[in-house]
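Notes follow the structure.
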Amino acid sequence: MMKGIDVSRHQGDINWQKVKDSGIEFAMLRAGYGKIASQEDSRFKANYSGCTAVGIPCGVYWYSYALTPDDAVKEAEACLAVIKGKKLDFPVYFDIEEMSQFALGPDKCTAIAEAFCRKIEGAGYWAGIYSYKYFLQSRLILEIRKRFAVWVAHTGVHSTNYGPQFGIWQYSHNGSVPGIDGRVDCDYCYIDYPRLIAEKRLNGSEIMPHTRVYTVKKGDSLWKIAKMYFGTGTRWREIMEFNGLRNETIFPGQKLRIP
């Protein structure tokens, strides 16, 4: 079992090193919402860079407002545009929980979720569905819940009785984790998604193996490192942002990924 969190812009600026040091083993990041890529979560890039820089494996979720399968396909396309070029160790989840969707009934909700997941799966990602327990069991037919990964929200209980299968259980909306101001959702994962995704070469697994890593030495600066790799120090901000750093301060022994 792995202990994790899920975050969005609502958690603000996160100190991912403190999060890791507290024992968090994975993170689910909101990539965005709706039908256009410009609705990317405003903290997604920073959260992705921050958690991967300290070695926390992550996946993403896309918040849905879709009322038809066509809407869901457009949402999947927007999600794919936002996550393009990023390696993910956990599935890409379709977050379906709006009351307007609930009102559509099981057949339509199932068709919507399936349309999103098949589009994501067709692009080479492990697709899944997130919602609260009652929505999953009352608005998505059993076959679809067996077909794709499931991340179930079921809070206020010592253990969830959701069935038949799920990979992640969101057990709290009121967690407290060092490095995050305010409350945060907390999760347990019961499936070794990072290993399975790597074995199946899904989720951009081929993207990151050749990423360059530089170990900071005494006297280094981001300007100096940028000049070493790019031929000009003026690109130092690219390294800072790629590693989710708040400022240009670095220290000997620190490992930096080079974009």
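By order in the structure tokens, chains are A, B, ...; within a chain, residues start at 1; ligands start at 1, following the order shown.
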Just the residues within 12 Å of A:His10, please, counting only C-alpha atoms, with nothing from its chain fewer than 2 positions along; format it as a PDB file with all heavy atoms, in the first residue's frame.
ATOM      1  N   ASP A   6      -3.971  14.114  -3.287  1.00  0.00           N
ATOM      2  CA  ASP A   6      -4.347  14.699  -4.579  1.00  0.00           C
ATOM      3  C   ASP A   6      -4.515  16.195  -4.399  1.00  0.00           C
ATOM      4  O   ASP A   6      -5.050  16.662  -3.399  1.00  0.00           O
ATOM      5  CB  ASP A   6      -5.599  14.040  -5.167  1.00  0.00           C
ATOM      6  CG  ASP A   6      -6.808  14.065  -4.251  1.00  0.00           C
ATOM      7  OD1 ASP A   6      -6.913  13.180  -3.372  1.00  0.00           O
ATOM      8  OD2 ASP A   6      -7.666  14.951  -4.419  1.00  0.00           O
ATOM      9  N   VAL A   7      -3.993  16.939  -5.385  1.00  0.00           N
ATOM     10  CA  VAL A   7      -3.892  18.389  -5.238  1.00  0.00           C
ATOM     11  C   VAL A   7      -4.313  19.108  -6.511  1.00  0.00           C
ATOM     12  O   VAL A   7      -4.331  18.534  -7.604  1.00  0.00           O
ATOM     13  CB  VAL A   7      -2.451  18.816  -4.871  1.00  0.00           C
ATOM     14  CG1 VAL A   7      -2.021  18.191  -3.549  1.00  0.00           C
ATOM     15  CG2 VAL A   7      -1.473  18.456  -5.973  1.00  0.00           C
ATOM     16  N   SER A   8      -4.598  20.399  -6.330  1.00  0.00           N
ATOM     17  CA  SER A   8      -4.945  21.285  -7.448  1.00  0.00           C
ATOM     18  C   SER A   8      -4.483  22.691  -7.075  1.00  0.00           C
ATOM     19  O   SER A   8      -3.747  22.877  -6.088  1.00  0.00           O
ATOM     20  CB  SER A   8      -6.452  21.265  -7.700  1.00  0.00           C
ATOM     21  OG  SER A   8      -7.140  21.903  -6.635  1.00  0.00           O
ATOM     22  N   GLY A  12      -2.402  25.826  -3.500  1.00  0.00           N
ATOM     23  CA  GLY A  12      -1.419  26.890  -3.634  1.00  0.00           C
ATOM     24  C   GLY A  12      -0.014  26.383  -3.891  1.00  0.00           C
ATOM     25  O   GLY A  12       0.191  25.336  -4.503  1.00  0.00           O
ATOM     26  N   ASP A  13       0.960  27.130  -3.390  1.00  0.00           N
ATOM     27  CA  ASP A  13       2.368  26.818  -3.593  1.00  0.00           C
ATOM     28  C   ASP A  13       2.782  25.716  -2.621  1.00  0.00           C
ATOM     29  O   ASP A  13       2.729  25.909  -1.404  1.00  0.00           O
ATOM     30  CB  ASP A  13       3.205  28.081  -3.365  1.00  0.00           C
ATOM     31  CG  ASP A  13       4.654  27.893  -3.745  1.00  0.00           C
ATOM     32  OD1 ASP A  13       4.978  26.894  -4.400  1.00  0.00           O
ATOM     33  OD2 ASP A  13       5.478  28.751  -3.370  1.00  0.00           O
ATOM     34  N   ILE A  14       3.197  24.573  -3.147  1.00  0.00           N
ATOM     35  CA  ILE A  14       3.511  23.404  -2.331  1.00  0.00           C
ATOM     36  C   ILE A  14       5.019  23.214  -2.209  1.00  0.00           C
ATOM     37  O   ILE A  14       5.746  23.313  -3.199  1.00  0.00           O
ATOM     38  CB  ILE A  14       2.873  22.138  -2.940  1.00  0.00           C
ATOM     39  CG1 ILE A  14       1.343  22.253  -2.923  1.00  0.00           C
ATOM     40  CG2 ILE A  14       3.319  20.879  -2.197  1.00  0.00           C
ATOM     41  CD1 ILE A  14       0.633  21.127  -3.647  1.00  0.00           C
ATOM     42  N   LEU A  29      -2.477  14.791  -9.483  1.00  0.00           N
ATOM     43  CA  LEU A  29      -2.522  16.210  -9.786  1.00  0.00           C
ATOM     44  C   LEU A  29      -3.697  16.538 -10.693  1.00  0.00           C
ATOM     45  O   LEU A  29      -3.923  15.838 -11.694  1.00  0.00           O
ATOM     46  CB  LEU A  29      -1.233  16.633 -10.498  1.00  0.00           C
ATOM     47  CG  LEU A  29       0.090  16.108  -9.929  1.00  0.00           C
ATOM     48  CD1 LEU A  29       1.251  16.556 -10.817  1.00  0.00           C
ATOM     49  CD2 LEU A  29       0.286  16.565  -8.495  1.00  0.00           C
ATOM     50  N   ARG A  30      -4.425  17.591 -10.368  1.00  0.00           N
ATOM     51  CA  ARG A  30      -5.460  18.017 -11.304  1.00  0.00           C
ATOM     52  C   ARG A  30      -4.782  18.682 -12.492  1.00  0.00           C
ATOM     53  O   ARG A  30      -4.066  19.677 -12.345  1.00  0.00           O
ATOM     54  CB  ARG A  30      -6.450  18.993 -10.676  1.00  0.00           C
ATOM     55  CG  ARG A  30      -7.636  19.273 -11.622  1.00  0.00           C
ATOM     56  CD  ARG A  30      -8.693  20.148 -11.006  1.00  0.00           C
ATOM     57  NE  ARG A  30      -8.310  21.555 -11.006  1.00  0.00           N
ATOM     58  CZ  ARG A  30      -9.183  22.562 -10.910  1.00  0.00           C
ATOM     59  NH1 ARG A  30     -10.482  22.318 -10.783  1.00  0.00           N
ATOM     60  NH2 ARG A  30      -8.756  23.811 -10.902  1.00  0.00           N
ATOM     61  N   ASP A  41      -5.235  23.412 -15.115  1.00  0.00           N
ATOM     62  CA  ASP A  41      -5.107  23.880 -13.742  1.00  0.00           C
ATOM     63  C   ASP A  41      -3.901  24.820 -13.638  1.00  0.00           C
ATOM     64  O   ASP A  41      -2.813  24.501 -14.122  1.00  0.00           O
ATOM     65  CB  ASP A  41      -4.928  22.690 -12.792  1.00  0.00           C
ATOM     66  CG  ASP A  41      -4.958  23.092 -11.338  1.00  0.00           C
ATOM     67  OD1 ASP A  41      -3.932  23.634 -10.854  1.00  0.00           O
ATOM     68  OD2 ASP A  41      -5.978  22.864 -10.675  1.00  0.00           O
ATOM     69  N   SER A  42      -4.092  25.971 -12.997  1.00  0.00           N
ATOM     70  CA  SER A  42      -3.043  26.988 -12.962  1.00  0.00           C
ATOM     71  C   SER A  42      -1.797  26.554 -12.196  1.00  0.00           C
ATOM     72  O   SER A  42      -0.739  27.166 -12.333  1.00  0.00           O
ATOM     73  CB  SER A  42      -3.595  28.291 -12.356  1.00  0.00           C
ATOM     74  OG  SER A  42      -4.046  28.080 -11.028  1.00  0.00           O
ATOM     75  N   ARG A  43      -1.896  25.505 -11.396  1.00  0.00           N
ATOM     76  CA  ARG A  43      -0.738  25.002 -10.650  1.00  0.00           C
ATOM     77  C   ARG A  43      -0.219  23.682 -11.195  1.00  0.00           C
ATOM     78  O   ARG A  43       0.709  23.095 -10.615  1.00  0.00           O
ATOM     79  CB  ARG A  43      -1.095  24.809  -9.167  1.00  0.00           C
ATOM     80  CG  ARG A  43      -1.444  26.071  -8.419  1.00  0.00           C
ATOM     81  CD  ARG A  43      -0.284  27.032  -8.320  1.00  0.00           C
ATOM     82  NE  ARG A  43       0.890  26.438  -7.713  1.00  0.00           N
ATOM     83  CZ  ARG A  43       2.086  27.000  -7.648  1.00  0.00           C
ATOM     84  NH1 ARG A  43       2.269  28.195  -8.193  1.00  0.00           N
ATOM     85  NH2 ARG A  43       3.103  26.404  -7.069  1.00  0.00           N
ATOM     86  N   PHE A  44      -0.780  23.210 -12.308  1.00  0.00           N
ATOM     87  CA  PHE A  44      -0.396  21.882 -12.785  1.00  0.00           C
ATOM     88  C   PHE A  44       1.083  21.794 -13.135  1.00  0.00           C
ATOM     89  O   PHE A  44       1.783  20.872 -12.705  1.00  0.00           O
ATOM     90  CB  PHE A  44      -1.244  21.461 -13.979  1.00  0.00           C
ATOM     91  CG  PHE A  44      -0.787  20.152 -14.588  1.00  0.00           C
ATOM     92  CD1 PHE A  44      -0.764  18.992 -13.834  1.00  0.00           C
ATOM     93  CD2 PHE A  44      -0.358  20.092 -15.908  1.00  0.00           C
ATOM     94  CE1 PHE A  44      -0.324  17.784 -14.379  1.00  0.00           C
ATOM     95  CE2 PHE A  44       0.081  18.899 -16.464  1.00  0.00           C
ATOM     96  CZ  PHE A  44       0.094  17.741 -15.696  1.00  0.00           C
ATOM     97  N   ASN A  47       3.161  21.907 -10.006  1.00  0.00           N
ATOM     98  CA  ASN A  47       3.008  20.699  -9.198  1.00  0.00           C
ATOM     99  C   ASN A  47       3.707  19.506  -9.846  1.00  0.00           C
ATOM    100  O   ASN A  47       4.359  18.704  -9.161  1.00  0.00           O
ATOM    101  CB  ASN A  47       1.526  20.393  -8.980  1.00  0.00           C
ATOM    102  CG  ASN A  47       0.903  21.292  -7.942  1.00  0.00           C
ATOM    103  OD1 ASN A  47       1.584  21.815  -7.055  1.00  0.00           O
ATOM    104  ND2 ASN A  47      -0.410  21.492  -8.027  1.00  0.00           N
ATOM    105  N   ILE A 180       2.218  21.757   2.804  1.00  0.00           N
ATOM    106  CA  ILE A 180       0.965  22.238   2.209  1.00  0.00           C
ATOM    107  C   ILE A 180       0.210  23.055   3.244  1.00  0.00           C
ATOM    108  O   ILE A 180      -0.061  22.573   4.348  1.00  0.00           O
ATOM    109  CB  ILE A 180       0.084  21.067   1.721  1.00  0.00           C
ATOM    110  CG1 ILE A 180       0.813  20.270   0.641  1.00  0.00           C
ATOM    111  CG2 ILE A 180      -1.254  21.578   1.204  1.00  0.00           C
ATOM    112  CD1 ILE A 180       0.039  19.056   0.159  1.00  0.00           C
ATOM    113  N   ASP A 181      -0.127  24.278   2.902  1.00  0.00           N
ATOM    114  CA  ASP A 181      -0.936  25.114   3.784  1.00  0.00           C
ATOM    115  C   ASP A 181      -2.401  24.732   3.635  1.00  0.00           C
ATOM    116  O   ASP A 181      -2.921  24.659   2.525  1.00  0.00           O
ATOM    117  CB  ASP A 181      -0.758  26.601   3.431  1.00  0.00           C
ATOM    118  CG  ASP A 181       0.648  27.100   3.727  1.00  0.00           C
ATOM    119  OD1 ASP A 181       1.293  26.543   4.638  1.00  0.00           O
ATOM    120  OD2 ASP A 181       1.102  28.028   3.030  1.00  0.00           O
ATOM    121  N   GLY A 182      -3.062  24.489   4.739  1.00  0.00           N
ATOM    122  CA  GLY A 182      -4.468  24.137   4.691  1.00  0.00           C
ATOM    123  C   GLY A 182      -4.691  22.651   4.509  1.00  0.00           C
ATOM    124  O   GLY A 182      -3.765  21.830   4.622  1.00  0.00           O
ATOM    125  N   ARG A 183      -5.924  22.299   4.205  1.00  0.00           N
ATOM    126  CA  ARG A 183      -6.325  20.896   4.109  1.00  0.00           C
ATOM    127  C   ARG A 183      -6.040  20.322   2.730  1.00  0.00           C
ATOM    128  O   ARG A 183      -5.993  21.042   1.731  1.00  0.00           O
ATOM    129  CB  ARG A 183      -7.808  20.751   4.428  1.00  0.00           C
ATOM    130  CG  ARG A 183      -8.151  21.162   5.854  1.00  0.00           C
ATOM    131  CD  ARG A 183      -7.428  20.303   6.865  1.00  0.00           C
ATOM    132  NE  ARG A 183      -7.710  20.688   8.239  1.00  0.00           N
ATOM    133  CZ  ARG A 183      -7.159  20.111   9.300  1.00  0.00           C
ATOM    134  NH1 ARG A 183      -6.291  19.126   9.134  1.00  0.00           N
ATOM    135  NH2 ARG A 183      -7.455  20.517  10.515  1.00  0.00           N
ATOM    136  N   VAL A 184      -5.885  18.997   2.698  1.00  0.00           N
ATOM    137  CA  VAL A 184      -5.595  18.323   1.438  1.00  0.00           C
ATOM    138  C   VAL A 184      -6.250  16.943   1.447  1.00  0.00           C
ATOM    139  O   VAL A 184      -6.398  16.317   2.502  1.00  0.00           O
ATOM    140  CB  VAL A 184      -4.060  18.188   1.227  1.00  0.00           C
ATOM    141  CG1 VAL A 184      -3.424  17.318   2.299  1.00  0.00           C
ATOM    142  CG2 VAL A 184      -3.738  17.673  -0.160  1.00  0.00           C
ATOM    143  N   ASP A 185      -6.667  16.480   0.273  1.00  0.00           N
ATOM    144  CA  ASP A 185      -7.240  15.143   0.140  1.00  0.00           C
ATOM    145  C   ASP A 185      -6.146  14.099   0.306  1.00  0.00           C
ATOM    146  O   ASP A 185      -5.034  14.265  -0.209  1.00  0.00           O
ATOM    147  CB  ASP A 185      -7.889  14.971  -1.228  1.00  0.00           C
ATOM    148  CG  ASP A 185      -9.097  15.864  -1.434  1.00  0.00           C
ATOM    149  OD1 ASP A 185      -9.673  16.329  -0.425  1.00  0.00           O
ATOM    150  OD2 ASP A 185      -9.463  16.098  -2.597  1.00  0.00           O
TER     151      ASP A 185
END
Name all residues at most 9 Å from A:Ile258 (count only C-alpha atoms; drop same-chain ones fewer than 3 positions away) and give them as JSON, numbers by chain.
{"A": [211, 212, 213, 214, 226, 229, 238, 239, 242, 243]}
Take the residues that were just selected and, keeping N, CA, C and O atoms, output them as a PDB file, in the first residue's frame.
ATOM      1  N   THR A 211      16.477  11.901 -19.716  1.00  0.00           N
ATOM      2  CA  THR A 211      16.561  13.212 -19.104  1.00  0.00           C
ATOM      3  C   THR A 211      17.900  13.354 -18.390  1.00  0.00           C
ATOM      4  O   THR A 211      18.313  12.488 -17.640  1.00  0.00           O
ATOM      5  N   ARG A 212      18.565  14.468 -18.630  1.00  0.00           N
ATOM      6  CA  ARG A 212      19.865  14.699 -18.009  1.00  0.00           C
ATOM      7  C   ARG A 212      19.691  15.133 -16.562  1.00  0.00           C
ATOM      8  O   ARG A 212      18.793  15.909 -16.242  1.00  0.00           O
ATOM      9  N   VAL A 213      20.563  14.632 -15.702  1.00  0.00           N
ATOM     10  CA  VAL A 213      20.537  15.004 -14.291  1.00  0.00           C
ATOM     11  C   VAL A 213      21.911  15.544 -13.919  1.00  0.00           C
ATOM     12  O   VAL A 213      22.935  14.901 -14.188  1.00  0.00           O
ATOM     13  N   TYR A 214      21.929  16.711 -13.313  1.00  0.00           N
ATOM     14  CA  TYR A 214      23.190  17.342 -12.908  1.00  0.00           C
ATOM     15  C   TYR A 214      23.231  17.462 -11.391  1.00  0.00           C
ATOM     16  O   TYR A 214      22.254  17.893 -10.763  1.00  0.00           O
ATOM     17  N   ALA A 226      23.147  26.609 -16.689  1.00  0.00           N
ATOM     18  CA  ALA A 226      22.472  26.867 -17.965  1.00  0.00           C
ATOM     19  C   ALA A 226      23.503  27.130 -19.058  1.00  0.00           C
ATOM     20  O   ALA A 226      23.362  26.639 -20.195  1.00  0.00           O
ATOM     21  N   TYR A 229      25.067  23.810 -20.222  1.00  0.00           N
ATOM     22  CA  TYR A 229      24.236  22.923 -21.034  1.00  0.00           C
ATOM     23  C   TYR A 229      23.680  23.590 -22.292  1.00  0.00           C
ATOM     24  O   TYR A 229      23.507  22.942 -23.329  1.00  0.00           O
ATOM     25  N   GLU A 238      14.639  28.300 -17.108  1.00  0.00           N
ATOM     26  CA  GLU A 238      14.104  27.036 -17.603  1.00  0.00           C
ATOM     27  C   GLU A 238      14.436  25.900 -16.642  1.00  0.00           C
ATOM     28  O   GLU A 238      13.608  25.018 -16.393  1.00  0.00           O
ATOM     29  N   ILE A 239      15.646  25.910 -16.127  1.00  0.00           N
ATOM     30  CA  ILE A 239      16.052  24.873 -15.168  1.00  0.00           C
ATOM     31  C   ILE A 239      15.287  25.050 -13.862  1.00  0.00           C
ATOM     32  O   ILE A 239      14.804  24.072 -13.269  1.00  0.00           O
ATOM     33  N   PHE A 242      11.674  23.930 -14.476  1.00  0.00           N
ATOM     34  CA  PHE A 242      11.595  22.494 -14.766  1.00  0.00           C
ATOM     35  C   PHE A 242      11.713  21.665 -13.501  1.00  0.00           C
ATOM     36  O   PHE A 242      11.161  20.574 -13.402  1.00  0.00           O
ATOM     37  N   ASN A 243      12.413  22.206 -12.500  1.00  0.00           N
ATOM     38  CA  ASN A 243      12.606  21.495 -11.237  1.00  0.00           C
ATOM     39  C   ASN A 243      11.684  21.971 -10.126  1.00  0.00           C
ATOM     40  O   ASN A 243      11.798  21.513  -8.986  1.00  0.00           O
TER      41      ASN A 243
END
Could you pull the residues within 8 Å of stretch 92-99 of chain A, counting only C-alpha atoms, minus those fewer than 2 positions along the same chain, as a list in words?
Gly59, Val60, Tyr61, Trp62, Tyr63, Ser64, Tyr65, Phe90, Gln101, Phe102, Ala103, Ala113, Phe116, Cys117, Ile120, Tyr125, Trp126, Ala127, Gly128, Ile129, Tyr130, Ser131, Tyr132, Phe135 and Trp151 of chain A
Any idea what the distance is between atom CA of A:Ala46 and atom CA of A:Leu80?
17.6 Å
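With only C-alpha atoms as the basis for measurement, A:Pro259 is the residue among A:Gly85, A:Pro259, A:Pro252, A:Gly34 that approaches A:Arg237 most closely.
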Using DSSP on the backbone coordinates, identify all residues within stretch 99-155 of chain A classified as alpha helix (DSSP H); present the result as a ChimeraX atom specification.
/A:99-102,106-122,133-139,142-147
Can those selected residues be exported to a file as an mmCIF file, in the first residue's frame so that it contains N, CA and C atoms?
data_model
loop_
_atom_site.group_PDB
_atom_site.id
_atom_site.type_symbol
_atom_site.label_atom_id
_atom_site.label_comp_id
_atom_site.auth_asym_id
_atom_site.auth_seq_id
_atom_site.Cartn_x
_atom_site.Cartn_y
_atom_site.Cartn_z
ATOM 1 N N MET A 99 -23.658 17.102 -10.317
ATOM 2 C CA MET A 99 -25.058 16.698 -10.184
ATOM 3 C C MET A 99 -25.766 16.686 -11.536
ATOM 4 N N SER A 100 -25.370 17.567 -12.455
ATOM 5 C CA SER A 100 -25.971 17.570 -13.786
ATOM 6 C C SER A 100 -25.673 16.262 -14.515
ATOM 7 N N GLN A 101 -24.529 15.665 -14.214
ATOM 8 C CA GLN A 101 -24.192 14.368 -14.793
ATOM 9 C C GLN A 101 -24.956 13.255 -14.094
ATOM 10 N N PHE A 102 -25.022 13.329 -12.770
ATOM 11 C CA PHE A 102 -25.765 12.330 -11.997
ATOM 12 C C PHE A 102 -27.198 12.220 -12.493
ATOM 13 N N PRO A 106 -27.690 6.057 -15.298
ATOM 14 C CA PRO A 106 -26.563 5.144 -15.490
ATOM 15 C C PRO A 106 -26.099 4.976 -16.934
ATOM 16 N N ASP A 107 -27.015 4.826 -17.864
ATOM 17 C CA ASP A 107 -26.604 4.559 -19.245
ATOM 18 C C ASP A 107 -25.815 5.722 -19.841
ATOM 19 N N LYS A 108 -26.311 6.928 -19.652
ATOM 20 C CA LYS A 108 -25.634 8.086 -20.224
ATOM 21 C C LYS A 108 -24.327 8.387 -19.503
ATOM 22 N N CYS A 109 -24.316 8.257 -18.190
ATOM 23 C CA CYS A 109 -23.078 8.478 -17.438
ATOM 24 C C CYS A 109 -22.010 7.467 -17.851
ATOM 25 N N THR A 110 -22.422 6.235 -18.033
ATOM 26 C CA THR A 110 -21.485 5.196 -18.460
ATOM 27 C C THR A 110 -20.913 5.515 -19.834
ATOM 28 N N ALA A 111 -21.778 5.925 -20.754
ATOM 29 C CA ALA A 111 -21.322 6.257 -22.110
ATOM 30 C C ALA A 111 -20.341 7.428 -22.088
ATOM 31 N N ILE A 112 -20.595 8.404 -21.246
ATOM 32 C CA ILE A 112 -19.708 9.571 -21.131
ATOM 33 C C ILE A 112 -18.343 9.151 -20.603
ATOM 34 N N ALA A 113 -18.330 8.390 -19.521
ATOM 35 C CA ALA A 113 -17.061 7.952 -18.924
ATOM 36 C C ALA A 113 -16.282 7.055 -19.884
ATOM 37 N N GLU A 114 -16.988 6.183 -20.560
ATOM 38 C CA GLU A 114 -16.315 5.283 -21.491
ATOM 39 C C GLU A 114 -15.695 6.053 -22.654
ATOM 40 N N ALA A 115 -16.389 7.065 -23.156
ATOM 41 C CA ALA A 115 -15.861 7.853 -24.279
ATOM 42 C C ALA A 115 -14.546 8.528 -23.894
ATOM 43 N N PHE A 116 -14.506 9.127 -22.705
ATOM 44 C CA PHE A 116 -13.279 9.776 -22.243
ATOM 45 C C PHE A 116 -12.154 8.750 -22.094
ATOM 46 N N CYS A 117 -12.442 7.666 -21.403
ATOM 47 C CA CYS A 117 -11.400 6.676 -21.103
ATOM 48 C C CYS A 117 -10.857 6.017 -22.363
ATOM 49 N N ARG A 118 -11.707 5.734 -23.302
ATOM 50 C CA ARG A 118 -11.218 5.092 -24.536
ATOM 51 C C ARG A 118 -10.349 6.055 -25.350
ATOM 52 N N LYS A 119 -10.679 7.326 -25.328
ATOM 53 C CA LYS A 119 -9.843 8.310 -26.019
ATOM 54 C C LYS A 119 -8.468 8.397 -25.350
ATOM 55 N N ILE A 120 -8.442 8.421 -24.048
ATOM 56 C CA ILE A 120 -7.182 8.470 -23.294
ATOM 57 C C ILE A 120 -6.383 7.188 -23.521
ATOM 58 N N GLU A 121 -7.057 6.065 -23.449
ATOM 59 C CA GLU A 121 -6.397 4.768 -23.640
ATOM 60 C C GLU A 121 -5.821 4.655 -25.043
ATOM 61 N N GLY A 122 -6.556 5.151 -26.023
ATOM 62 C CA GLY A 122 -6.099 5.092 -27.402
ATOM 63 C C GLY A 122 -4.846 5.915 -27.660
ATOM 64 N N LYS A 133 -18.262 7.093 -3.968
ATOM 65 C CA LYS A 133 -18.750 5.722 -3.956
ATOM 66 C C LYS A 133 -20.168 5.586 -4.532
ATOM 67 N N TYR A 134 -21.091 6.416 -4.089
ATOM 68 C CA TYR A 134 -22.471 6.257 -4.535
ATOM 69 C C TYR A 134 -22.624 6.540 -6.017
ATOM 70 N N PHE A 135 -21.893 7.535 -6.517
ATOM 71 C CA PHE A 135 -21.953 7.827 -7.945
ATOM 72 C C PHE A 135 -21.439 6.634 -8.738
ATOM 73 N N LEU A 136 -20.303 6.110 -8.352
ATOM 74 C CA LEU A 136 -19.726 4.975 -9.068
ATOM 75 C C LEU A 136 -20.701 3.794 -9.111
ATOM 76 N N GLN A 137 -21.294 3.485 -7.975
ATOM 77 C CA GLN A 137 -22.129 2.283 -7.898
ATOM 78 C C GLN A 137 -23.518 2.479 -8.486
ATOM 79 N N SER A 138 -24.003 3.712 -8.514
ATOM 80 C CA SER A 138 -25.368 3.935 -8.993
ATOM 81 C C SER A 138 -25.444 4.508 -10.404
ATOM 82 N N ARG A 139 -24.325 5.065 -10.913
ATOM 83 C CA ARG A 139 -24.380 5.739 -12.200
ATOM 84 C C ARG A 139 -23.407 5.187 -13.244
ATOM 85 N N LEU A 142 -21.478 -1.952 -14.011
ATOM 86 C CA LEU A 142 -20.406 -2.786 -13.466
ATOM 87 C C LEU A 142 -19.304 -3.055 -14.490
ATOM 88 N N GLU A 143 -19.698 -3.321 -15.730
ATOM 89 C CA GLU A 143 -18.718 -3.668 -16.754
ATOM 90 C C GLU A 143 -17.680 -2.566 -16.945
ATOM 91 N N ILE A 144 -18.113 -1.316 -16.919
ATOM 92 C CA ILE A 144 -17.189 -0.207 -17.146
ATOM 93 C C ILE A 144 -16.290 -0.013 -15.934
ATOM 94 N N ARG A 145 -16.816 -0.319 -14.736
ATOM 95 C CA ARG A 145 -16.006 -0.194 -13.524
ATOM 96 C C ARG A 145 -14.979 -1.315 -13.405
ATOM 97 N N LYS A 146 -15.224 -2.403 -14.115
ATOM 98 C CA LYS A 146 -14.238 -3.480 -14.187
ATOM 99 C C LYS A 146 -13.227 -3.222 -15.303
ATOM 100 N N ARG A 147 -13.667 -2.523 -16.329
ATOM 101 C CA ARG A 147 -12.843 -2.323 -17.529
ATOM 102 C C ARG A 147 -11.702 -1.332 -17.304
#
Using only C-alpha atoms, can you tell me which of A:Gln170, A:Val216, A:Ile5, A:Ile141 comes closest to A:Gly253?
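Ranked by minimum distance to A:Gly253, first place goes to A:Val216.
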Write down as a ChimeraX atom specification the residues belonging to stretch 35-117 of chain A that are assigned strand (DSSP E or B) by DSSP computed on the backbone.
/A:40,58-63,92-95
Shortest interatomic distance to A:Pro57 - which of A:Asp187, A:Glu25, A:Asp192, A:Glu248, counting only C-alpha atoms
A:Glu25
Mind pulling up the distance from atom CA of A:Arg195 to atom CA of A:Leu88?
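If I compute the distance from atom CA of A:Leu88 to atom CA of A:Arg195, I get 11.5 Å.
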Tell me, in Å to one decimal, how far atom CA of A:Gly179 is from atom CA of A:Asp220.
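These two atoms are separated by 26.3 Å.
By chain and then residue number, the residues within 10 Å of A:Glu77 are A:Lys35, A:Ile36, A:Ala37, A:Asp71, A:Ala72, A:Val73, A:Lys74, A:Leu80, A:Ala81, A:Val82, A:Phe116, A:Lys119, A:Ile120, A:Ala123, counting only C-alpha atoms and disregarding those fewer than 3 positions away in sequence.
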For the residues in the current selection, export N, CA, C and O atoms as a compact mmCIF listing (two decimals), in the first residue's frame.
# COMPACT_ATOMS: atom_id res chain seq x y z
N LYS A 35 -13.57 21.46 -21.60
CA LYS A 35 -13.35 21.01 -22.97
C LYS A 35 -12.21 21.67 -23.73
O LYS A 35 -11.95 21.32 -24.87
N ILE A 36 -11.53 22.64 -23.11
CA ILE A 36 -10.45 23.30 -23.84
C ILE A 36 -9.17 23.30 -23.01
O ILE A 36 -9.21 23.40 -21.78
N ALA A 37 -8.04 23.17 -23.70
CA ALA A 37 -6.76 23.03 -23.02
C ALA A 37 -6.39 24.26 -22.21
O ALA A 37 -5.60 24.17 -21.26
N ASP A 71 -18.90 15.49 -25.75
CA ASP A 71 -18.27 16.42 -24.79
C ASP A 71 -17.08 15.75 -24.11
O ASP A 71 -16.03 16.36 -23.91
N ALA A 72 -17.27 14.49 -23.74
CA ALA A 72 -16.23 13.76 -23.03
C ALA A 72 -14.99 13.57 -23.90
O ALA A 72 -13.86 13.66 -23.41
N VAL A 73 -15.19 13.32 -25.18
CA VAL A 73 -14.06 13.19 -26.11
C VAL A 73 -13.30 14.50 -26.20
O VAL A 73 -12.06 14.52 -26.19
N LYS A 74 -14.02 15.61 -26.25
CA LYS A 74 -13.36 16.92 -26.29
C LYS A 74 -12.58 17.17 -25.01
O LYS A 74 -11.47 17.74 -25.03
N LEU A 80 -5.24 15.52 -22.98
CA LEU A 80 -4.07 15.01 -23.69
C LEU A 80 -3.14 16.14 -24.12
O LEU A 80 -1.91 15.99 -24.08
N ALA A 81 -3.72 17.26 -24.52
CA ALA A 81 -2.90 18.40 -24.91
C ALA A 81 -2.11 18.94 -23.73
O ALA A 81 -0.94 19.33 -23.86
N VAL A 82 -2.73 18.94 -22.55
CA VAL A 82 -2.08 19.47 -21.36
C VAL A 82 -0.97 18.55 -20.85
O VAL A 82 0.09 19.01 -20.42
N PHE A 116 -14.51 9.13 -22.71
CA PHE A 116 -13.28 9.78 -22.24
C PHE A 116 -12.15 8.75 -22.09
O PHE A 116 -11.04 8.94 -22.60
N LYS A 119 -10.68 7.33 -25.33
CA LYS A 119 -9.84 8.31 -26.02
C LYS A 119 -8.47 8.40 -25.35
O LYS A 119 -7.43 8.43 -26.03
N ILE A 120 -8.44 8.42 -24.05
CA ILE A 120 -7.18 8.47 -23.29
C ILE A 120 -6.38 7.19 -23.52
O ILE A 120 -5.17 7.22 -23.77
N ALA A 123 -4.59 6.87 -26.77
CA ALA A 123 -3.39 7.71 -26.89
C ALA A 123 -2.20 7.13 -26.14
O ALA A 123 -1.14 7.75 -26.08
